[in-house]
Protein chains: 2
Amino acid sequence: MKQLLTSLLLLSFFTSFSQNSIIGFSPDNVNKELELEKAFEAKLNPTNLDQWMQKMSAEPHWVGTKFGEENAKWIQSQFKSWGYDAKIETYHILFPYPTERVLELTGPTKYTAKLTAVPVEGDPFTAQGDALLPSYNAFSTDGDVEAELVFVNYGIPKDYEELEKLGISVKGKIVIAKYQGSWRGIKPKLAAKNGAIGCIIYSDPEDDGYGQGDVYPEGAFKNKTGVQRGSVMDMPTYPGDVLTPGYAATKDAKRLDRKDAPTITKIPVLPISYEDALPLLSALEGTVAPESWRGGLPITYHIGPGPAKVHLKLVFDWKLVPAHNVIATLKGSEFPDQWVMRGNHHDAWVHGANDPISGMVALMEEARAIGELAKKGQKPKRTLVYCAWDAEEPGLIGSTEWVEDHKKELQDKVVAYINTDGNGRGFLGAGGSHSLQAMVSEVAGTVTDPQTKVSVKERKIAANMVNGGDDSFELYALGSGSDYTPFIQHAGIAALNLGFGGENDGGEYHTIYDTYPHYKRFKDPNFDYGVALANTAGRITLRLANADVIPLNFTQWHATVSTYLGEIIDETDTMRKGVENHNKLVSQNAYVLAADPTKEYKKPIKKSIVPFIDFSPLQNELVTLKETITVFQEMNTSKLSKDAKNELNKKLIQAEHMLTSEKGLPRRPWFKHQIYAPGFYTGYGVKTLPGVREAIEQKNWKEAQEQIEILTKTFKNFNAFLQDMNVNLK
Amino acid sequence: MKQLLTSLLLLSFFTSFSQNSIIGFSPDNVNKELELEKAFEAKLNPTNLDQWMQKMSAEPHWVGTKFGEENAKWIQSQFKSWGYDAKIETYHILFPYPTERVLELTGPTKYTAKLTAVPVEGDPFTAQGDALLPSYNAFSTDGDVEAELVFVNYGIPKDYEELEKLGISVKGKIVIAKYQGSWRGIKPKLAAKNGAIGCIIYSDPEDDGYGQGDVYPEGAFKNKTGVQRGSVMDMPTYPGDVLTPGYAATKDAKRLDRKDAPTITKIPVLPISYEDALPLLSALEGTVAPESWRGGLPITYHIGPGPAKVHLKLVFDWKLVPAHNVIATLKGSEFPDQWVMRGNHHDAWVHGANDPISGMVALMEEARAIGELAKKGQKPKRTLVYCAWDAEEPGLIGSTEWVEDHKKELQDKVVAYINTDGNGRGFLGAGGSHSLQAMVSEVAGTVTDPQTKVSVKERKIAANMVNGGDDSFELYALGSGSDYTPFIQHAGIAALNLGFGGENDGGEYHTIYDTYPHYKRFKDPNFDYGVALANTAGRITLRLANADVIPLNFTQWHATVSTYLGEIIDETDTMRKGVENHNKLVSQNAYVLAADPTKEYKKPIKKSIVPFIDFSPLQNELVTLKETITVFQEMNTSKLSKDAKNELNKKLIQAEHMLTSEKGLPRRPWFKHQIYAPGFYTGYGVKTLPGVREAIEQKNWKEAQEQIEILTKTFKNFNAFLQDMNVNLK
């Protein structure tokens with residue numbers, strides 16, 4: 001292995017040696033930037049990350065806690081000490097605290113759920129008793145219900161389709177769904193839509209318990225008592241404070257009545273452990289769950305309904321609490337009104353060593369190193385704004401309120417927002433605006449992977465290839481789940497989300513087991529990947545801050561968007577063929593003949609055919625865009641005058657905004673981006689070209705055609721915007 | 001639903017009304033045959049099946065038991081009473097009885113395996129105590145070994161490839177493998193080949209326990225104490241008596257020394273329950289098993305080796321026991337020297353209500369009905385031979401010895417052998433010689449499905465279509481696992497295997513729970529499908545017996561064989577691309593870069609490239625065959641004289657034999673068929689065109705080319721044989 005590494009190091013050396021251009025930099029400035037980045041990297045110190053994590057994850061610190069406020073103040077003071085102008089901006093947000101949680105199996109046998117994870121040996125943080133936030137789902141409504149239980153697998157749309165086939169209704173029942181398979185908030189949303197009156201979510205051991213590996217404290221995975229907390233706010237409608245949709249939750253803001261807040265769930269929801277789920281699931285009878293629904297408990301999974309009957313009672317203390325965002329600014333030396341933003345949240349459900357502190361400490365170390373360089377005169381040309389968000393966990397609230405508060409200014413000034421969150425060990429995951437892909441790919445080629453000593457780009461591509469992919473480095477599309485959402489999807493600001501992972505699995509997410517000892521044993525023991533994250537995000541920040549021309553590339557953007565359209569066209573054809581085949585089988589009575597007549601079964605009926613849809617406006621506009629983009633990308637911007645570059649940069653800051661529509665997406669106007677959105681029925685999962693894609697998935701053909709028109713118009717505007725730059729630059 | 005059934009009945013009526021031709025019958029004889037079959041069907045009585053099952057499954061009756069002998073004599077007497085000439089032909093075969101079975105976990109904790117399934121409420125047969133055969137694997141060698149344990153998933157070739165990747169060896173260890181994934185005998189064979197010194201096979205609850213449904217007695221599946229018995233004789237080398245390979249185990253036959261018998265396992269093997277497996281698997285540490293290896297026990301599956309250490313001791317009483325085959329003959333009225341054969345085994349591991357009695361009682365009722373018709377003058381034109389085989393369970397021994405004993409006569413006389421075995425509820429499964437596909441398809445169109453009242457063919461096609469298949473009715477290719485093997489694969493006699501299933505899952509197979517109460521609750525409660533099986537097999541038997549021209553169709557045979565060759569060509573290409581991709585990834589160091597350096601991992605090396613293979617001789621010969629077959633199938637045989645038809649039939653009896661090679665397959669000369677064989681490393685699983693396919697799968701390129709030559713020669717001979725008939729018939 002040693003010999004191999006040596007030759008890899010040599011290879012890596014030659015690769016970086018041969019680099020003589022960076023996207024966005026004039027040839028004269030390339031070496032200066034690379035030297036700056038080298039100096040930056042040399043300052044990164046894993047010991048800081050380790051010590052800061054110990055400090056910030058010492059106690060639970062969800063929004064509104066004293067320890068959370070102390071963390072915010074300490075972060076502020078740290079930024080100040082590094083030369084930043086740091087302030088705390090506070091919003092007053094609705095946050096429910098659970099005051100009563102009852103879950104009982106009332107028949108045919110009795111069981112009272114414990115709803116409490118146990119302390120484990122070797123991890124004193126797990127023994128903090130009442131200081132730990134009780135396990136619950138934030139923004140569940142209050143409720144007191146009793147009904148028969150129905151097992152609904154993950155509780156996602158295709159599970160309800162399966163129940164429909166089996167002739168099983170959840171109307172008037174309480175559903176029990178496995179965590180995973182979707183963002184958790186989808187589960188109560190769909191349960192309520194289908195008539196259920198309560199929702200229980202449990203962590204099946206197959207998903208992140210003993211089915212994945214040894215459980216805590218022997219291993220990293222969820223023991224039988226662990227419970228995942230988390231928000232069930234209807235974030236795909238709008239995230240942020242539930243009472244102030246689209247505007248900031250300032251002290252005196254006009255607020256909705258809680259009963260009118262559309263993003264609080266319609267039915268009570270409670271997360272439980274697999275220890276608590278076992279008696280409930282064991283008491284179900286009726287149809288045996290389909291093979292793919294069965295989990296890792298040592299029972300036969302039945303769907304019910306009943307005879308298991310459960311009583312669920314939830315009472316919350318609904319009060320306004322302060323959410324403290326830390327905003328730290330390092331003024332740009334040349335373009336103070338052009339901002340490069342970085343952010344990570346600081347609030348956690350419990351201790352949050354991994355989520356979010358592992359990302360927070362990387363951000364801080366990055367900011368410290370850049371601050372030190374600035375003190376020595378190496379100031380970034382553009383303004384840097386580092387943010388530590390509060391109240392991310394209950395619904396991206398801190399960042400959303402801040403973006404809503406400063407929207408106009410941000411749209412005018414922000415070059416890009418770079419987000420991080422919990423960080424692990426392994427492979428670089430990078431998502432975001434595809435106009436930034438070329439730049440991120442270049443940076444990934446300069447950051448050395450701590451374990452293999454090749455670049456993080458090379459390692460990522462190796463993993464792609466071993467998993468059957470190709471040898472390209474690509475950004476994934478952003479759905480939701482962290483603080484980039486208000487920036488990109490609401491304000492139309494180019495954004496990135498960065499993190500390492502793939503070799504740090506565990507079941508600690510949002511449980512009392514996400515602690516410093518757990519992190520040190522199972523995640524990134526020496527903070528090598530914390531440093532790699534600081535290095536990656538810091539280099540990206542510095543390039544965006546110092547580039548002569550803001551490093552956007554629309555060729556890769558165009559290729560990616562064209563792929564999305566191709567996917568939608570293919571999926572429409574697949575849907576059509578599926579319906580045709582289904583209807584043929586119905587005509588031929590094949591379903592009835594193939595069904596076991598001794599089992600529950602609902603005779604399928606014919607489905608409406610999938611019409612042919614006119615995608616040509618989009619296809620034609622993409623052809624036009626390709627021509628415009630080719631002209632744009634072929635321009636030699638390094639020959640432009642300083643003023644011309646500045647004019648160009650001011651325009652480029654607007655580029656991402658051109659991809660939004662002020663009206664937003666149907667039924668959720670807060671989401672304005674036309675290329676990326678979290679799925680209305682997937683939650684965190686992204687839907688690209690969401691207006692068109694979701695209309696088709698929901699079989700709303702009229703809306704699909706309308707959304708094609710709207711998206712075509714967006715593309716036309718974007719084309720005019722690019723052409724305008726082309727003309728000005730000639 | 002009622003209205004629907006009525007219209008289906010009408011449809012079914014019109015379909016059968018419109019039938020005015022049957023393959024093999026002159027137009028004059030079609031109605032006569034259909035009326036005979038109708039009369040036959042009318043005589044089938046489910047009450048007989050029910051009563052006979054109760055009688056024959058009342059006590060355990062493995063080969064050599066008194067009850068087994070009584071069953072044979074009773075079957076003989078029944079046949080006699082129905083007008084058959086029935087005799088018992090006895091062979092003397094080696095059969096091991098377990099006298100000592102010890103399995104202990106000796107470290108790091110202690111556990112002694114119980115090795116005993118418990119009696120259950122409501123099923124008195126399970127409480128017969130010492131009368132039940134202890135759970136074991138027949139033809140395991142004696143042994144007394146102690147070593148560290150290694151979990152090997154199903155213990156099939158790809159599992160050992162995975163272990164190789166992980167750098168884990170089983171050398172000197174005892175392996176524990178899940179049942180399923182292959183025929184059980186493959187597991188000790190591969191374990192020994194890889195250096196293991198013992199093998200434990202357990203039934204994982206995911207496969208046929210609570211993971212599939214409620215367990216016995218609540219449901220049909222395997223409770224925690226159930227153990228599957230079964231043979232581990234190396235049947236893919238040769239089945240039948242281990243001491244008399246290729247010849248009959250008559251009283252005075254020359255026998256191999258037991259130590260020289262190649263089909264006894266090299267290492268001791270024992271099957272256990274999941275209750276007994278749990279402490280063993282729980283005590284394993286080391287690498288966590290890959291996701292696809294994990295089963296349904298509530299633990300993290302580790303591979304080991306160790307620290308779990310086990311002691312396995314097995315002692316058998318190896319003695320010769322008599323195997324009693326019942327052979328019942330009804331002499332043909334016109335062609336007594338042309339035989340249509342039917343068979344089902346009568347021995348069971350324990351009570352064997354399902355396996356084999358459910359098939360046996362259907363065969364008997366069929367024979368009874370035909371016998372009655374014969375008594376009234378409606379004698380079949382060809383001779384019928386009904387067989388009840390002994391010693392099928394330990395290795396197809398009864399049938400194999402009998403075929404070996406009478407091989408020459410059978411090859412001269414037998415038109416086809418039709419096998420049945422355990423029968424269930426649901427869909428017709430029919431496998432066999434593809435020259436018989438057209439005839440079987442016709443018959444399947446005439447048999448009414450008891451539950452849906454359409455034909456069993458129509459129901460089968462409906463299930464195909466719902467599962468994504470097409471609307472054709474096809475025979476599957478025969479591998480092994482029941483008594484057709486010596487007929488088709490050794491003697492080259494056309495064969496079929498018939499049974500209903502798909503709606504009768506359970507975990508009782510080869511356990512003490514395969515009893516009459518279990519069968520009545522979970523399999524075919526009213527013996528409706530038993531009657532459907534008698535009806536299907538009986539009609540096929542009658543058609544083969546009375547056809548003017550033996551109903552073979554080579555068009556479908558040709559299409560199927562061409563598909564097999566296409567599969568092999570595609571698989572070779574896929575292998576080649578796989579190796580190329582693998583070698584590229586090795587060159588680029590991608591595997592190393594993608595691997596988690598903190599985990600056990602063996603650096604992959606380049607593989608030898610897959611050469612291009614010359615399939616053209618086979619492709620060309622198939623083209624020639626197609627022309628010949630087209631001429632043959634276009635002939636109007638009904639215009640032939642009686643003598644000409646007789647001559648043609650004598651030739652047709654030889655058709656299947658033309659597809660064999662006297663030298664047999666490489667390293668297993670007993671298997672002579674060139675189109676179908678059980679896989680050398682899959683056991684029951686079929687390999688079509690086995691000489692060529694297995695050489696390629698084993699990357700033996702020289703042998704692949706040799707086997708292509710041999711198979712081409714077989715095709716040439718077959719072509720000449722068909723051409724000869726064409727010339728004679730002109």
# chains A, B, ... in the order shown; residues from 1 in each chain; ligands from 1
call {"tool": "interface_residues", "arguments": {"of": "chain A", "to": "chain B", "cutoff": "7 Å", "atoms": "only C-alpha atoms", "output": "MDAnalysis selection string"}}
result
chainID A and resid 210:214 288 296:300 452 459 462:463 466 503 590:591 593:594 596
call {"tool": "write_last_selection", "arguments": {"atoms": "C-alpha atoms", "output": "short mmCIF file (atom, residue, chain, number, x, y, z; two decimals), in the first residue's frame"}}
result
data_model
loop_
_atom_site.label_atom_id
_atom_site.label_comp_id
_atom_site.auth_asym_id
_atom_site.auth_seq_id
_atom_site.Cartn_x
_atom_site.Cartn_y
_atom_site.Cartn_z
CA TYR A 210 -29.23 -3.60 14.27
CA GLY A 211 -30.11 -4.30 10.66
CA GLN A 212 -27.38 -1.88 9.62
CA GLY A 213 -24.75 -2.64 12.25
CA ASP A 214 -24.02 -2.91 15.95
CA VAL A 288 -49.61 -9.70 5.77
CA GLY A 296 -36.21 -5.97 10.81
CA LEU A 297 -38.38 -6.80 13.81
CA PRO A 298 -38.72 -10.52 14.58
CA ILE A 299 -42.40 -10.66 13.71
CA THR A 300 -44.71 -11.10 10.78
CA THR A 452 -6.18 8.42 0.27
CA ARG A 459 -11.88 9.97 -4.80
CA ALA A 462 -13.60 6.63 -8.12
CA ALA A 463 -16.62 5.91 -5.92
CA VAL A 466 -17.14 1.60 -8.66
CA GLU A 503 -18.16 6.23 5.68
CA ALA A 590 -55.91 -10.69 -15.86
CA TYR A 591 -55.69 -9.07 -12.41
CA LEU A 593 -57.51 -14.24 -12.63
CA ALA A 594 -54.04 -13.81 -11.17
CA ASP A 596 -55.57 -15.36 -4.84
#
call {"tool": "residues_around", "arguments": {"residues": "Trp318 in chain A", "least_positions_apart": "4", "cutoff": "12 Å", "atoms": "only C-alpha atoms", "output": "NGL selection string"}}
result
:A and (93-99 or 138-142 or 242-243 or 257-259 or 264)
call {"tool": "closest_residue", "arguments": {"among": "A:Glu275, A:Glu69, A:Glu59, A:Glu146", "to": "Trp349 in chain A", "atoms": "only C-alpha atoms"}}
result
A:Glu59
call {"tool": "atom_distance", "arguments": {"atom1": "CA of Gly64 in chain B", "atom2": "CA of Val321 in chain B"}}
result
5.3 Å
call {"tool": "residues_around", "arguments": {"residues": "Asn726 in chain B", "least_positions_apart": "4", "cutoff": "10 Å", "atoms": "only C-alpha atoms", "output": "mmCIF file with C-alpha atoms, in the first residue's frame"}}
result
data_model
loop_
_atom_site.group_PDB
_atom_site.id
_atom_site.type_symbol
_atom_site.label_atom_id
_atom_site.label_comp_id
_atom_site.auth_asym_id
_atom_site.auth_seq_id
_atom_site.Cartn_x
_atom_site.Cartn_y
_atom_site.Cartn_z
ATOM 1 C CA THR B 628 -35.735 -29.085 -41.640
ATOM 2 C CA ILE B 629 -38.243 -28.547 -38.867
ATOM 3 C CA VAL B 631 -40.637 -29.070 -43.636
ATOM 4 C CA PHE B 632 -41.421 -31.623 -40.941
ATOM 5 C CA GLN B 633 -44.101 -29.551 -39.243
ATOM 6 C CA MET B 635 -46.379 -32.335 -43.386
ATOM 7 C CA LEU B 648 -43.140 -42.507 -37.724
ATOM 8 C CA ALA B 720 -30.204 -35.818 -40.009
ATOM 9 C CA PHE B 721 -32.710 -37.728 -37.912
ATOM 10 C CA LEU B 722 -35.475 -35.261 -38.759
ATOM 11 C CA LYS B 730 -42.640 -37.801 -48.754
#
call {"tool": "closest_residue", "arguments": {"among": "A:Thr329, A:Thr109, A:Ser562, A:Asn497", "to": "Leu384 in chain A", "atoms": "only C-alpha atoms"}}
result
A:Thr329
call {"tool": "atom_distance", "arguments": {"atom1": "CA of Ile605 in chain A", "atom2": "CA of Arg576 in chain A"}}
result
15.9 Å
call {"tool": "residues_around", "arguments": {"residues": "Pro27 in chain B", "least_positions_apart": "5", "cutoff": "12 Å", "atoms": "only C-alpha atoms", "output": "list in words"}}
result
Gln19, Asn20, Ser21, Ile22, Lys32, Glu33, Leu34, Ala547, Asp548, Val549, Asn636, Thr637, Ser638 and Lys639 of chain B
call {"tool": "closest_residue", "arguments": {"among": "B:His345, B:Lys173, B:Lys672, B:Lys376", "to": "Trp389 in chain B", "atoms": "only C-alpha atoms"}}
result
B:His345
call {"tool": "select_by_dssp", "arguments": {"residues": "range 107-318 of chain B", "states": "helix (DSSP H, G or I)", "output": "NGL selection string"}}
result
:B and (124-127 or 129-131 or 157-166 or 186-193 or 205-208 or 258-260 or 274-282 or 291-293)
call {"tool": "residues_around", "arguments": {"residues": "Leu622 in chain A", "least_positions_apart": "6", "cutoff": "9 Å", "atoms": "only C-alpha atoms", "output": "PyMOL selection string"}}
result
chain A and resi 558+561-562+712+715
call {"tool": "atom_distance", "arguments": {"atom1": "CA of Leu44 in chain A", "atom2": "CA of Val531 in chain A"}}
result
6.4 Å
call {"tool": "select_by_dssp", "arguments": {"residues": "range 10-117 of chain B", "states": "strand (DSSP E)", "output": "number ranges by chain"}}
result
B: 85-107, 111-112
call {"tool": "write_last_selection", "arguments": {"atoms": "C-alpha atoms", "output": "mmCIF file, in the first residue's frame"}}
result
data_model
loop_
_atom_site.group_PDB
_atom_site.id
_atom_site.type_symbol
_atom_site.label_atom_id
_atom_site.label_comp_id
_atom_site.auth_asym_id
_atom_site.auth_seq_id
_atom_site.Cartn_x
_atom_site.Cartn_y
_atom_site.Cartn_z
ATOM 1 C CA ASP B 85 -50.727 -55.411 -13.490
ATOM 2 C CA ALA B 86 -48.855 -54.116 -10.435
ATOM 3 C CA LYS B 87 -45.600 -55.290 -8.963
ATOM 4 C CA ILE B 88 -43.020 -54.065 -6.510
ATOM 5 C CA GLU B 89 -39.452 -53.791 -7.713
ATOM 6 C CA THR B 90 -37.013 -53.513 -4.857
ATOM 7 C CA TYR B 91 -33.437 -52.188 -4.817
ATOM 8 C CA HIS B 92 -30.965 -52.283 -1.969
ATOM 9 C CA ILE B 93 -29.513 -48.883 -1.368
ATOM 10 C CA LEU B 94 -27.153 -47.249 1.082
ATOM 11 C CA PHE B 95 -29.064 -45.032 3.504
ATOM 12 C CA PRO B 96 -27.583 -43.287 6.560
ATOM 13 C CA TYR B 97 -29.564 -42.940 9.802
ATOM 14 C CA PRO B 98 -28.239 -40.379 12.318
ATOM 15 C CA THR B 99 -27.244 -42.028 15.590
ATOM 16 C CA GLU B 100 -25.418 -39.065 17.100
ATOM 17 C CA ARG B 101 -25.933 -35.360 16.462
ATOM 18 C CA VAL B 102 -24.085 -32.801 18.555
ATOM 19 C CA LEU B 103 -23.815 -29.092 17.862
ATOM 20 C CA GLU B 104 -22.426 -26.830 20.549
ATOM 21 C CA LEU B 105 -21.258 -23.278 20.758
ATOM 22 C CA THR B 106 -18.109 -23.782 22.843
ATOM 23 C CA GLY B 107 -16.971 -20.176 23.018
ATOM 24 C CA TYR B 111 -24.956 -23.137 23.942
ATOM 25 C CA THR B 112 -26.075 -26.618 23.038
#
call {"tool": "decode", "arguments": {"residues": "range 297-350 of chain A", "atoms": "C-alpha atoms", "output": "compact mmCIF listing (two decimals), in the first residue's frame"}}
result
# COMPACT_ATOMS: atom_id res chain seq x y z
CA LEU A 297 -38.38 -6.80 13.81
CA PRO A 298 -38.72 -10.52 14.58
CA ILE A 299 -42.40 -10.66 13.71
CA THR A 300 -44.71 -11.10 10.78
CA TYR A 301 -45.65 -7.59 9.68
CA HIS A 302 -49.42 -7.30 9.34
CA ILE A 303 -51.21 -4.25 8.02
CA GLY A 304 -54.36 -4.35 10.15
CA PRO A 305 -56.54 -2.36 10.62
CA GLY A 306 -56.57 -3.56 14.22
CA PRO A 307 -57.33 -5.44 16.30
CA ALA A 308 -54.53 -3.34 17.82
CA LYS A 309 -56.09 -0.17 19.16
CA VAL A 310 -54.02 2.76 20.33
CA HIS A 311 -54.53 5.93 22.30
CA LEU A 312 -52.37 8.91 21.37
CA LYS A 313 -52.42 12.12 23.34
CA LEU A 314 -50.15 15.08 22.69
CA VAL A 315 -50.19 18.48 24.34
CA PHE A 316 -47.72 21.21 23.48
CA ASP A 317 -46.76 24.48 25.06
CA TRP A 318 -46.96 26.80 22.05
CA LYS A 319 -44.93 29.90 22.69
CA LEU A 320 -42.83 32.47 20.95
CA VAL A 321 -39.12 31.95 21.53
CA PRO A 322 -36.17 34.00 20.34
CA ALA A 323 -34.08 32.56 17.49
CA HIS A 324 -30.59 34.04 17.45
CA ASN A 325 -28.79 34.18 14.12
CA VAL A 326 -25.14 35.18 14.24
CA ILE A 327 -24.17 37.29 11.20
CA ALA A 328 -20.46 38.00 10.80
CA THR A 329 -19.17 40.22 8.04
CA LEU A 330 -15.70 40.75 6.58
CA LYS A 331 -15.92 43.74 4.28
CA GLY A 332 -14.60 43.29 0.75
CA SER A 333 -11.59 45.34 -0.25
CA GLU A 334 -12.77 46.06 -3.79
CA PHE A 335 -16.44 45.14 -4.09
CA PRO A 336 -17.98 45.63 -0.65
CA ASP A 337 -21.49 45.47 -2.12
CA GLN A 338 -20.94 42.03 -3.60
CA TRP A 339 -21.38 39.39 -0.90
CA VAL A 340 -20.24 35.81 -0.73
CA MET A 341 -22.22 34.10 1.99
CA ARG A 342 -21.50 31.05 4.10
CA GLY A 343 -23.81 29.47 6.63
CA ASN A 344 -24.37 26.54 8.97
CA HIS A 345 -26.93 26.26 11.72
CA HIS A 346 -25.97 26.14 15.39
CA ASP A 347 -29.15 24.85 17.02
CA ALA A 348 -29.54 21.11 17.63
CA TRP A 349 -32.30 18.79 18.78
CA VAL A 350 -30.19 17.57 21.63
